[in-house]
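Reproduced below: protein_17.txt, with compact mmCIF, C-alpha atoms.
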# COMPACT_ATOMS: atom_id res chain seq x y z
CA MET U 1 15.02 32.72 -7.40
CA GLN U 2 13.71 33.83 -4.03
CA GLU U 3 12.28 30.35 -3.58
CA LEU U 4 15.74 28.88 -4.10
CA ILE U 5 17.37 31.23 -1.60
CA ASN U 6 14.61 30.41 0.83
CA ILE U 7 15.29 26.67 0.54
CA PHE U 8 19.01 27.34 0.92
CA VAL U 9 18.66 29.41 4.09
CA LYS U 10 16.07 27.08 5.54
CA SER U 11 18.21 24.00 5.07
CA ILE U 12 21.20 25.71 6.69
CA PHE U 13 19.56 27.08 9.79
CA ILE U 14 16.16 25.53 10.44
CA ASP U 15 16.41 22.02 9.03
CA ASN U 16 20.05 21.75 10.00
CA MET U 17 21.28 18.21 9.36
CA ILE U 18 22.98 17.92 12.75
CA PHE U 19 20.84 19.93 15.11
CA ALA U 20 17.41 19.05 13.78
CA TYR U 21 17.91 15.53 12.40
CA PHE U 22 21.17 14.24 13.93
CA LEU U 23 22.44 13.15 10.53
CA GLY U 24 26.15 12.55 10.09
CA MET U 25 26.71 12.40 13.84
CA CYS U 26 29.29 9.63 13.64
CA SER U 27 31.85 11.55 11.65
CA TYR U 28 30.75 14.76 13.37
CA LEU U 29 31.83 13.32 16.72
CA ALA U 30 34.88 11.43 15.48
CA VAL U 31 36.48 14.15 13.36
CA SER U 32 35.67 17.31 15.32
CA LYS U 33 38.81 17.29 17.45
CA THR U 34 40.58 20.09 15.56
CA VAL U 35 39.25 22.92 13.42
CA LYS U 36 41.62 22.18 10.55
CA THR U 37 40.46 18.63 9.85
CA SER U 38 36.82 19.48 10.41
CA VAL U 39 37.02 22.27 7.82
CA GLY U 40 38.38 19.70 5.35
CA LEU U 41 35.62 17.21 6.07
CA GLY U 42 32.99 19.94 6.01
CA ILE U 43 34.05 21.12 2.55
CA ALA U 44 34.03 17.54 1.28
CA VAL U 45 30.48 17.07 2.60
CA VAL U 46 29.22 20.30 0.99
CA PHE U 47 30.78 19.17 -2.27
CA VAL U 48 29.37 15.65 -2.24
CA LEU U 49 25.89 16.69 -1.05
CA GLY U 50 25.75 19.36 -3.75
CA ILE U 51 26.40 16.69 -6.39
CA THR U 52 24.55 13.63 -5.11
CA VAL U 53 21.22 15.25 -4.24
CA PRO U 54 20.55 16.55 -7.78
CA VAL U 55 21.82 13.31 -9.34
CA ASP U 56 19.57 11.24 -7.10
CA PHE U 57 16.74 13.63 -7.92
CA LEU U 58 17.15 12.92 -11.63
CA ILE U 59 17.33 9.17 -11.02
CA ASN U 60 14.27 9.30 -8.81
CA LYS U 61 12.31 11.40 -11.27
CA TYR U 62 13.18 9.61 -14.50
CA LEU U 63 13.66 6.03 -13.34
CA LEU U 64 12.11 5.19 -10.02
CA THR U 65 8.80 6.91 -9.27
CA ALA U 66 5.54 5.38 -10.42
CA GLY U 67 5.12 5.94 -14.15
CA ALA U 68 8.57 7.49 -14.48
CA LEU U 69 9.65 5.01 -17.12
CA ALA U 70 6.95 6.15 -19.55
CA TRP U 71 9.55 8.16 -21.49
CA ILE U 72 11.18 4.90 -22.64
CA SER U 73 8.04 3.30 -23.94
CA PRO U 74 4.34 3.70 -23.07
CA SER U 75 4.13 0.05 -22.05
CA LEU U 76 6.33 0.82 -19.04
CA ALA U 77 4.04 3.55 -17.71
CA GLU U 78 2.63 1.25 -15.05
CA VAL U 79 5.99 0.28 -13.56
CA ASP U 80 6.76 1.57 -10.06
CA LEU U 81 10.34 1.01 -8.97
CA SER U 82 10.29 3.31 -5.94
CA PHE U 83 11.11 0.40 -3.60
CA LEU U 84 14.54 0.32 -5.23
CA SER U 85 15.33 3.89 -4.22
CA PHE U 86 17.48 3.00 -1.18
CA ILE U 87 19.79 0.75 -3.13
CA MET U 88 20.02 3.15 -6.10
CA PHE U 89 20.75 6.13 -3.88
CA ILE U 90 23.49 4.38 -1.96
CA ALA U 91 25.04 3.11 -5.18
CA VAL U 92 25.03 6.63 -6.65
CA ILE U 93 26.56 8.01 -3.48
CA ALA U 94 29.29 5.38 -3.32
CA SER U 95 30.23 5.88 -6.95
CA MET U 96 30.05 9.68 -6.73
CA VAL U 97 32.36 9.66 -3.75
CA GLN U 98 34.77 7.48 -5.68
CA LEU U 99 34.57 9.86 -8.64
CA VAL U 100 35.05 12.97 -6.54
CA GLU U 101 38.03 11.29 -4.90
CA MET U 102 39.65 10.58 -8.25
CA VAL U 103 38.99 14.11 -9.56
CA ILE U 104 40.44 15.73 -6.47
CA GLU U 105 43.46 13.44 -6.56
CA LYS U 106 44.13 14.47 -10.16
CA PHE U 107 43.59 18.22 -9.90
CA SER U 108 44.46 19.12 -6.35
CA PRO U 109 46.86 16.68 -4.68
CA ALA U 110 47.26 19.05 -1.73
CA LEU U 111 43.55 19.00 -0.99
CA TYR U 112 43.53 15.26 -1.61
CA ASN U 113 46.23 14.73 0.98
CA SER U 114 44.44 16.78 3.57
CA LEU U 115 41.06 15.14 2.90
CA GLY U 116 42.64 11.76 2.28
CA ILE U 117 40.96 9.44 4.71
CA PHE U 118 37.77 11.46 5.04
CA LEU U 119 36.58 11.13 1.48
CA PRO U 120 35.77 7.40 1.54
CA LEU U 121 34.14 7.95 4.94
CA ILE U 122 31.61 10.24 3.35
CA ALA U 123 30.01 7.33 1.52
CA VAL U 124 28.67 6.06 4.81
CA ASN U 125 27.92 9.49 6.23
CA CYS U 126 24.23 9.51 7.08
CA ALA U 127 23.96 13.16 6.10
CA ILE U 128 24.56 12.32 2.45
CA LEU U 129 21.98 9.53 2.19
CA GLY U 130 19.69 11.58 4.43
CA GLY U 131 19.91 14.48 1.98
CA SER U 132 18.72 12.25 -0.84
CA LEU U 133 15.94 10.70 1.23
CA PHE U 134 14.69 14.09 2.40
CA MET U 135 14.80 15.25 -1.21
CA GLN U 136 12.51 12.34 -2.08
CA GLU U 137 10.21 12.90 0.89
CA ARG U 138 9.81 16.64 0.44
CA GLU U 139 8.97 16.23 -3.24
CA PHE U 140 11.12 18.96 -4.74
CA GLN U 141 10.01 19.71 -8.26
CA THR U 142 12.96 21.26 -10.10
CA ILE U 143 16.64 20.48 -10.21
CA GLY U 144 17.43 24.02 -9.04
CA GLU U 145 15.60 23.38 -5.79
CA THR U 146 17.51 20.19 -5.18
CA ILE U 147 20.86 21.87 -5.84
CA SER U 148 20.11 24.63 -3.38
CA PHE U 149 18.79 22.09 -0.86
CA GLY U 150 21.91 19.92 -1.22
CA LEU U 151 24.33 22.82 -0.91
CA GLY U 152 22.36 24.36 1.95
CA SER U 153 22.34 21.12 3.94
CA GLY U 154 26.05 20.77 3.32
CA VAL U 155 26.79 24.29 4.50
CA GLY U 156 24.66 23.71 7.60
CA TRP U 157 26.68 20.59 8.38
CA PHE U 158 29.92 22.47 7.73
CA LEU U 159 28.95 25.24 10.18
CA ALA U 160 27.99 22.70 12.82
CA ILE U 161 31.22 20.70 12.64
CA VAL U 162 33.48 23.76 12.53
CA GLY U 163 31.60 25.26 15.47
CA ILE U 164 31.91 22.15 17.64
CA ALA U 165 35.57 21.72 16.69
CA ALA U 166 36.34 25.28 17.77
CA ILE U 167 34.55 24.72 21.08
CA ARG U 168 36.33 21.40 21.65
CA GLU U 169 39.71 23.03 21.04
CA LYS U 170 38.96 25.57 23.77
CA ILE U 171 37.29 23.21 26.20
CA ARG U 172 40.45 21.17 26.47
CA TYR U 173 41.68 23.83 28.88
CA SER U 174 38.55 23.70 31.02
CA ASN U 175 37.98 21.57 34.05
CA VAL U 176 35.30 19.15 32.91
CA PRO U 177 34.17 16.44 35.37
CA GLY U 178 36.06 13.20 34.63
CA PRO U 179 33.19 11.00 33.40
CA LEU U 180 31.93 13.75 31.10
CA LYS U 181 35.30 14.32 29.42
CA GLY U 182 35.44 13.79 25.67
CA LEU U 183 32.24 12.26 24.41
CA GLY U 184 29.81 13.26 27.16
CA ILE U 185 30.54 16.96 27.10
CA THR U 186 30.50 16.96 23.31
CA PHE U 187 26.98 15.59 23.32
CA ILE U 188 25.80 18.19 25.80
CA ILE U 189 27.47 21.05 23.92
CA THR U 190 25.88 19.85 20.69
CA GLY U 191 22.52 19.88 22.45
CA LEU U 192 23.08 23.43 23.63
CA MET U 193 24.17 24.51 20.13
CA GLY U 194 20.99 22.89 18.85
CA ILE U 195 18.92 24.97 21.26
CA ALA U 196 20.74 28.07 20.04
CA PHE U 197 20.02 27.15 16.43
CA MET U 198 16.35 26.77 17.27
CA SER U 199 16.16 30.53 17.60
CA PHE U 200 16.27 30.62 13.79
CA MET U 201 12.98 28.78 13.65
CA GLY U 202 10.33 30.51 11.59
CA ILE U 203 12.75 32.54 9.45
CA LYS U 204 11.39 32.98 5.96
CA LEU U 205 12.70 35.21 3.23
CA MET K 206 36.11 1.53 6.51
CA SER K 207 35.23 1.37 10.14
CA ALA K 208 38.88 1.42 11.00
CA GLU K 209 38.83 4.99 9.82
CA VAL K 210 35.47 5.90 11.28
CA SER K 211 36.55 5.53 14.83
CA PRO K 212 39.85 6.17 16.47
CA LYS K 213 38.96 3.41 18.96
CA GLU K 214 39.79 0.61 16.56
CA PRO K 215 41.38 -1.69 19.17
CA LEU K 216 37.97 -2.05 20.83
CA PHE K 217 36.79 -3.86 17.74
CA SER K 218 39.62 -6.29 17.42
CA ALA K 219 39.46 -7.34 21.08
CA LYS K 220 38.26 -10.92 21.26
CA ASN K 221 34.81 -10.72 22.69
CA LYS K 222 34.10 -13.79 24.74
CA LYS K 223 30.81 -12.54 26.01
CA LEU K 224 29.49 -11.51 22.63
CA LEU K 225 26.05 -10.78 23.92
CA ALA K 226 26.75 -9.12 27.22
CA VAL K 227 29.75 -6.93 26.52
CA PRO K 228 28.06 -4.59 24.00
CA LEU K 229 25.32 -3.87 26.49
CA ASN K 230 27.58 -1.97 28.79
CA ARG K 231 31.36 -1.94 28.46
CA GLU K 232 31.42 -1.75 24.67
CA ASN K 233 28.07 -0.18 24.10
CA PRO K 234 27.81 0.86 20.45
CA ILE K 235 26.38 4.28 21.24
CA THR K 236 28.02 5.46 24.42
CA VAL K 237 31.45 3.84 24.03
CA GLN K 238 32.09 2.97 20.40
CA VAL K 239 30.19 6.10 19.22
CA LEU K 240 28.52 4.33 16.33
CA GLY K 241 25.03 4.67 14.93
CA ILE K 242 24.08 7.89 16.62
CA CYS K 243 22.91 9.30 13.31
CA SER K 244 19.59 7.53 13.12
CA ALA K 245 19.30 6.84 16.82
CA LEU K 246 18.30 10.13 18.33
CA ALA K 247 15.68 11.41 15.96
CA VAL K 248 13.26 8.56 16.62
CA THR K 249 13.21 8.91 20.39
CA VAL K 250 10.41 11.44 20.88
CA LYS K 251 7.99 8.63 21.68
CA LEU K 252 8.54 5.11 22.94
CA GLU K 253 6.74 3.24 20.18
CA PRO K 254 8.82 4.40 17.18
CA ALA K 255 11.96 3.90 19.26
CA VAL K 256 11.04 0.28 19.93
CA VAL K 257 10.15 -0.36 16.30
CA MET K 258 13.40 1.24 15.19
CA SER K 259 15.36 -0.88 17.67
CA ILE K 260 13.77 -4.09 16.44
CA SER K 261 14.49 -3.12 12.84
CA VAL K 262 18.12 -2.38 13.60
CA ILE K 263 18.57 -5.63 15.56
CA ALA K 264 17.05 -7.62 12.69
CA VAL K 265 19.13 -5.93 9.99
CA LEU K 266 22.31 -6.12 12.02
CA ALA K 267 21.94 -9.81 12.93
CA PHE K 268 21.08 -10.96 9.42
CA ALA K 269 23.63 -8.72 7.69
CA ASN K 270 26.25 -10.13 10.06
CA VAL K 271 25.25 -13.70 9.19
CA ILE K 272 25.16 -13.09 5.44
CA ILE K 273 28.50 -11.31 5.32
CA SER K 274 30.00 -13.95 7.56
CA LEU K 275 28.84 -16.69 5.17
CA LEU K 276 30.28 -14.75 2.22
CA ARG K 277 33.45 -13.63 3.95
CA ASN K 278 35.83 -15.97 2.12
CA THR K 279 34.45 -15.10 -1.31
CA ILE K 280 34.47 -11.30 -1.09
CA ALA K 281 37.47 -9.62 -2.67
CA PRO K 282 38.84 -7.07 -0.19
CA ARG K 283 38.78 -4.19 -2.68
CA ILE K 284 35.05 -4.37 -3.28
CA ARG K 285 33.94 -5.35 0.20
CA ILE K 286 32.37 -1.98 1.04
CA ILE K 287 30.01 -2.06 -1.89
CA VAL K 288 29.13 -5.73 -1.23
CA GLN K 289 28.33 -4.86 2.37
CA LEU K 290 26.26 -1.86 1.33
CA VAL K 291 24.24 -3.94 -1.12
CA VAL K 292 23.52 -6.64 1.48
CA ILE K 293 22.50 -4.02 4.04
CA ALA K 294 20.40 -2.07 1.55
CA ALA K 295 18.54 -5.21 0.49
CA LEU K 296 17.75 -6.08 4.11
CA VAL K 297 16.64 -2.52 4.84
CA ILE K 298 14.33 -2.55 1.83
CA LEU K 299 12.75 -5.72 3.26
CA VAL K 300 12.30 -4.10 6.67
CA ASP K 301 10.89 -0.95 5.08
CA GLN K 302 8.36 -2.87 3.00
CA ILE K 303 7.30 -4.99 6.01
CA LEU K 304 6.81 -1.88 8.13
CA LYS K 305 4.81 -0.19 5.39
CA ALA K 306 2.58 -3.25 5.13
CA PHE K 307 2.00 -4.04 8.81
CA ALA K 308 2.76 -0.85 10.76
CA TYR K 309 2.03 1.99 8.39
CA GLU K 310 1.55 4.67 11.06
CA VAL K 311 4.89 3.98 12.71
CA SER K 312 6.55 3.73 9.32
CA LYS K 313 5.31 7.25 8.53
CA GLN K 314 6.65 8.55 11.84
CA LEU K 315 10.06 7.01 11.22
CA SER K 316 10.04 8.50 7.69
CA VAL K 317 13.57 8.63 6.29
CA PHE K 318 15.17 7.03 9.30
CA VAL K 319 14.32 3.50 8.21
CA GLY K 320 16.29 4.14 5.04
CA LEU K 321 19.08 5.61 7.07
CA ILE K 322 19.68 2.24 8.76
CA ILE K 323 21.75 1.60 5.61
CA THR K 324 24.33 4.16 6.64
CA ASN K 325 24.02 3.35 10.32
CA CYS K 326 27.65 3.08 11.31
CA ILE K 327 26.93 0.26 13.79
CA ILE K 328 26.07 -2.07 10.95
CA MET K 329 29.07 -1.25 8.75
CA GLY K 330 31.27 -1.21 11.82
CA ARG K 331 30.22 -4.66 13.01
CA LEU K 332 30.37 -6.17 9.52
CA GLU K 333 33.85 -4.83 9.03
CA ALA K 334 35.14 -5.58 12.51
CA PHE K 335 33.43 -8.86 13.30
CA ALA K 336 31.55 -10.60 10.53
CA MET K 337 34.45 -10.41 8.06
CA GLY K 338 36.56 -12.55 10.36
CA ASN K 339 34.20 -14.83 12.23
CA LYS K 340 31.86 -17.78 11.72
CA PRO K 341 28.13 -17.21 11.17
CA TRP K 342 26.92 -18.16 14.65
CA PRO K 343 29.24 -15.88 16.65
CA SER K 344 28.45 -13.16 14.11
CA PHE K 345 24.75 -13.63 14.74
CA MET K 346 25.29 -13.38 18.49
CA ASP K 347 27.45 -10.31 17.99
CA GLY K 348 24.72 -8.73 15.88
CA ILE K 349 22.04 -9.38 18.48
CA GLY K 350 24.29 -8.14 21.28
CA ASN K 351 25.23 -4.90 19.58
CA GLY K 352 21.68 -4.35 18.41
CA ALA K 353 20.48 -4.78 21.97
CA GLY K 354 23.13 -2.39 23.26
CA TYR K 355 21.84 0.17 20.75
CA ALA K 356 18.23 -0.62 21.63
CA TRP K 357 18.42 -0.07 25.36
CA ILE K 358 19.94 3.39 24.99
CA LEU K 359 17.23 4.28 22.51
CA ILE K 360 14.48 3.00 24.78
CA VAL K 361 15.80 4.77 27.87
CA VAL K 362 16.08 8.07 25.97
CA ALA K 363 12.61 7.63 24.47
CA PHE K 364 11.11 6.72 27.86
CA PHE K 365 12.33 9.90 29.52
CA ARG K 366 11.52 12.14 26.57
CA GLU K 367 7.99 10.81 26.33
CA LEU K 368 7.38 10.80 30.07
CA LEU K 369 8.71 14.30 30.73
CA GLY K 370 7.76 15.82 27.40
CA SER K 371 4.27 14.48 26.78
CA GLY K 372 3.42 12.97 30.18
CA THR K 373 2.73 9.58 28.64
CA VAL K 374 4.38 6.16 28.44
CA TRP K 375 3.57 4.23 25.26
CA GLY K 376 0.61 6.57 24.77
CA LEU K 377 -0.82 5.96 28.26
CA PRO K 378 -1.38 9.22 30.18
CA VAL K 379 0.66 8.19 33.22
CA MET K 380 1.23 11.66 34.60
CA GLU K 381 -2.49 12.42 34.41
CA LYS K 382 -3.37 9.18 36.24
CA VAL K 383 -0.95 10.03 39.02
CA GLY K 384 -2.73 13.36 39.35
CA ILE K 385 0.47 15.35 39.31
CA TYR K 386 -1.04 18.08 37.11
CA ASN K 387 -3.37 19.06 39.96
CA ILE K 388 -0.45 20.21 42.07
CA GLY K 389 0.88 22.51 39.37
CA TYR K 390 3.16 20.21 37.30
CA THR K 391 3.34 20.90 33.56
CA ASN K 392 4.95 18.96 30.74
CA ASN K 393 8.38 20.15 29.71
CA GLY K 394 8.00 21.04 26.05
CA LEU K 395 11.78 21.23 25.63
CA MET K 396 12.03 17.46 25.98
CA ILE K 397 10.20 16.93 22.71
CA LEU K 398 12.66 19.11 20.78
CA PRO K 399 15.71 17.50 19.13
CA PRO K 400 18.49 19.03 21.29
CA MET K 401 17.27 17.29 24.45
CA ALA K 402 17.96 13.87 22.93
CA LEU K 403 21.64 14.80 22.76
CA ILE K 404 21.67 16.11 26.29
CA ILE K 405 19.99 12.94 27.64
CA VAL K 406 22.55 10.77 25.87
CA GLY K 407 25.24 13.00 27.36
CA ILE K 408 23.77 12.34 30.82
CA ILE K 409 23.58 8.58 30.18
CA ILE K 410 27.26 8.65 29.23
CA TRP K 411 28.02 10.60 32.38
CA VAL K 412 26.22 8.09 34.61
CA GLN K 413 27.71 5.10 32.82
CA ARG K 414 31.28 6.39 32.96
CA SER K 415 31.08 7.38 36.58
CA LYS K 416 30.13 3.74 37.30
CA ASN K 417 32.84 2.31 34.99
CA LYS K 418 35.93 4.32 35.72
CA GLU K 419 38.00 2.58 33.02
CA LEU K 420 35.86 4.19 30.31
CA ILE K 421 36.86 7.72 31.26
CA GLU K 422 38.77 9.56 28.51
CA ASP K 423 41.80 11.67 29.26
Entire entry expressed as structure tokens:
Amino acid sequence: MQELINIFVKSIFIDNMIFAYFLGMCSYLAVSKTVKTSVGLGIAVVFVLGITVPVDFLINKYLLTAGALAWISPSLAEVDLSFLSFIMFIAVIASMVQLVEMVIEKFSPALYNSLGIFLPLIAVNCAILGGSLFMQEREFQTIGETISFGLGSGVGWFLAIVGIAAIREKIRYSNVPGPLKGLGITFIITGLMGIAFMSFMGIKL
Amino acid sequence: MSAEVSPKEPLFSAKNKKLLAVPLNRENPITVQVLGICSALAVTVKLEPAVVMSISVIAVLAFANVIISLLRNTIAPRIRIIVQLVVIAALVILVDQILKAFAYEVSKQLSVFVGLIITNCIIMGRLEAFAMGNKPWPSFMDGIGNGAGYAWILIVVAFFRELLGSGTVWGLPVMEKVGIYNIGYTNNGLMILPPMALIIVGIIIWVQRSKNKELIED
């Protein structure tokens, strides 16, 4: 259990998707104009990451890695399909996003209306595919680890986008040099937030 | 999809006469259209991975543009996103396998970021905005142009981070040759850390927009 909490905390603060790996920057920059919309997108990302990472873990473990197909028949024990992982992961993500969209539309139309356009965007959010690829690279062993990694990365992304949105709402009243307005200052603030987040480095439970 | 990614949609639909030149500066994918930043910044600690990444992106972007452009009249609009993703993913798998075979060290350094070319918004953005409505040759030119616009930002960022952070350029110890260490200069370790990539891009945007006043946002 402690191991799981450790992975969770580590993926929020130390291996933060935005500040350490720059994943999901496109929607991070495009949608962070107001706190309200960024909270919506952040929740959607937490949700989708928490689902897709474990699902991709199962697919990777039981279908793609070398020898993974042995459970079907011993003659398949030699097969290594790991080169297919990109295409499988993106297909899972695209279909999961579609599924999540339909479920939300059915059960919570209010949430669906506020997330509306952001949900399909998530399919091409690098943070989601990045989560699955990091899961593969870091060789997590149990599904519990992948769930806590997926949720942790999502929460880290959520914190980052809500933070930058709050700063951007305030900075509108500041006197930023003309050429830096909008995009430029957002980059620099993100860099400074990244430096701040680096102070968490080395935390271990 | 890209129409929703970026609020600057009109930039896409503008008829680009100078398909190759315009994305280098006035419609640069990174600093103006804000696309493809995801996988761009993490590979810029050293020059070599940045160059390899740029070449990969240019190749994927140009060929994906051509393929989608050839298929554009046969793709049903409702399923276009998944068709595009499959084409891109297939090309990225090719690039990944080639890198693993011929440049294993660099491929290890790039780690997940080769795979992340799939979700690089530049590629989806250009497919959606250009290749779906244009003939193969202009699409190819558009792909090369936007890839090059992405590449030069990457290379500039990587050059400064490597020079100031490690004192080398493409692995050559330039700072040591110059003898600058003898007068008390030390490498700036901060440049190697992720946040500086963002700040350097911020500075590039600053310089670029103070030269091109029409790019300034209100």
Need to verify the contact set: Gly320 (chain K), 10 Å, all atoms listed in the file, exclusion of same-chain residues closer than 4 positions in sequence. Can you return it as an MDAnalysis selection string?
(chainID U and resid 85:87 126 129:130 133) or (chainID K and resid 244 294 297:298 300:301 315:316 324:325)
Using only C-alpha atoms, which residues sit within 12 Å of Val39 (chain U) once same-chain residues fewer than 5 positions away are excluded, as a PDB file with C-alpha atoms, in the frame of the given file?
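For reference, around03.pdb as written:
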ATOM      1  CA  TYR U  28      30.750  14.760  13.370  1.00  0.00           C
ATOM      2  CA  VAL U  31      36.480  14.150  13.360  1.00  0.00           C
ATOM      3  CA  SER U  32      35.670  17.310  15.320  1.00  0.00           C
ATOM      4  CA  LYS U  33      38.810  17.290  17.450  1.00  0.00           C
ATOM      5  CA  THR U  34      40.580  20.090  15.560  1.00  0.00           C
ATOM      6  CA  ALA U  44      34.030  17.540   1.280  1.00  0.00           C
ATOM      7  CA  VAL U  45      30.480  17.070   2.600  1.00  0.00           C
ATOM      8  CA  VAL U  46      29.220  20.300   0.990  1.00  0.00           C
ATOM      9  CA  LEU U 111      43.550  19.000  -0.990  1.00  0.00           C
ATOM     10  CA  SER U 114      44.440  16.780   3.570  1.00  0.00           C
ATOM     11  CA  LEU U 115      41.060  15.140   2.900  1.00  0.00           C
ATOM     12  CA  PHE U 118      37.770  11.460   5.040  1.00  0.00           C
ATOM     13  CA  GLY U 154      26.050  20.770   3.320  1.00  0.00           C
ATOM     14  CA  VAL U 155      26.790  24.290   4.500  1.00  0.00           C
ATOM     15  CA  TRP U 157      26.680  20.590   8.380  1.00  0.00           C
ATOM     16  CA  PHE U 158      29.920  22.470   7.730  1.00  0.00           C
ATOM     17  CA  LEU U 159      28.950  25.240  10.180  1.00  0.00           C
ATOM     18  CA  ALA U 160      27.990  22.700  12.820  1.00  0.00           C
ATOM     19  CA  ILE U 161      31.220  20.700  12.640  1.00  0.00           C
ATOM     20  CA  VAL U 162      33.480  23.760  12.530  1.00  0.00           C
ATOM     21  CA  GLY U 163      31.600  25.260  15.470  1.00  0.00           C
ATOM     22  CA  ILE U 164      31.910  22.150  17.640  1.00  0.00           C
ATOM     23  CA  ALA U 165      35.570  21.720  16.690  1.00  0.00           C
ATOM     24  CA  ALA U 166      36.340  25.280  17.770  1.00  0.00           C
TER      25      ALA U 166
END
Mind listing as a VMD selection string which residues of chain K are within 7 Å of chain U, counting all atoms listed in the file?
chain K and resid 206 210 to 211 239 to 244 246 to 247 291 294 298 317 320 to 321 324 to 325 399 to 401 403 to 404 407 410 to 411 414 to 415 421 to 422
Using only C-alpha atoms, find all polymer residues with an atom at most 12 Å away from the point (8.9, -2.3, 18.3); report them as a PyMOL selection string.
chain K and resi 248+251-264+304+307-308+311-312+315+356+359-360+375
CA of Val374 (chain K) sits from CA of Val412 (chain K) at a separation of 22.8 Å
Among the residues K:Leu398, K:Ile303, K:Ala336, K:Ala353, the one that comes closest to Ser371 (chain K) [using all atoms listed in the file]:
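Using all atoms listed in the file, the shortest distance to Ser371 (chain K) belongs to K:Leu398.
Separating CA of Met380 (chain K) from CA of Ala363 (chain K) is a distance of 15.8 Å.
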Got a sec to check which residues sit within 9 Å of (14.5, 27.2, 2.1), counting all atoms listed in the file, and write them as a PyMOL selection string?
chain U and resi 3-12+14-15+145+148-149+152+204-205
Taking into account only C-alpha atoms, which residue in the set K:Ile284, K:Val265, K:Val250, K:Ile327 is nearest to Glu232 (chain K)?
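Of K:Ile284, K:Val265, K:Val250, K:Ile327, the one nearest Glu232 (chain K), counting only C-alpha atoms, is K:Ile327.
Checking U:Leu63, U:Val53, U:Met1, U:Leu76 one by one against Ile147 (chain U), counting only C-alpha atoms, you find the shortest gap at U:Val53.
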Between K:Gln302, K:Gln314, K:Asn230, K:Gln289, which has the minimum distance to Ile272 (chain K) (counting all atoms listed in the file)?
K:Gln289
May I ask for the distance between CA of Leu395 (chain K) and CA of Ile167 (chain U), given in Å to one decimal place?
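A separation of 23.5 Å between them.
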Shell around Ser274 (chain K) at 8 Å using all atoms listed in the file, local window under 4 positions removed, as a list in words
Asn270, Ala336, Met337, Gly338, Asn339, Lys340, Pro341 and Ser344 of chain K
Restricting the output to C-alpha atoms, write the selected residues as a PDB file, keeping the file's coordinate frame.
ATOM      1  CA  ASN K 270      26.250 -10.130  10.060  1.00  0.00           C
ATOM      2  CA  ALA K 336      31.550 -10.600  10.530  1.00  0.00           C
ATOM      3  CA  MET K 337      34.450 -10.410   8.060  1.00  0.00           C
ATOM      4  CA  GLY K 338      36.560 -12.550  10.360  1.00  0.00           C
ATOM      5  CA  ASN K 339      34.200 -14.830  12.230  1.00  0.00           C
ATOM      6  CA  LYS K 340      31.860 -17.780  11.720  1.00  0.00           C
ATOM      7  CA  PRO K 341      28.130 -17.210  11.170  1.00  0.00           C
ATOM      8  CA  SER K 344      28.450 -13.160  14.110  1.00  0.00           C
TER       9      SER K 344
END
Extending 8 Å beyond the listed atoms of region 33-41 of chain U on each side, what axis-aligned box results? I want centre and edge lengths in Å to one decimal, as JSON.
{"center_x": 38.6, "center_y": 20.1, "center_z": 11.4, "size_x": 22.0, "size_y": 21.7, "size_z": 28.1}
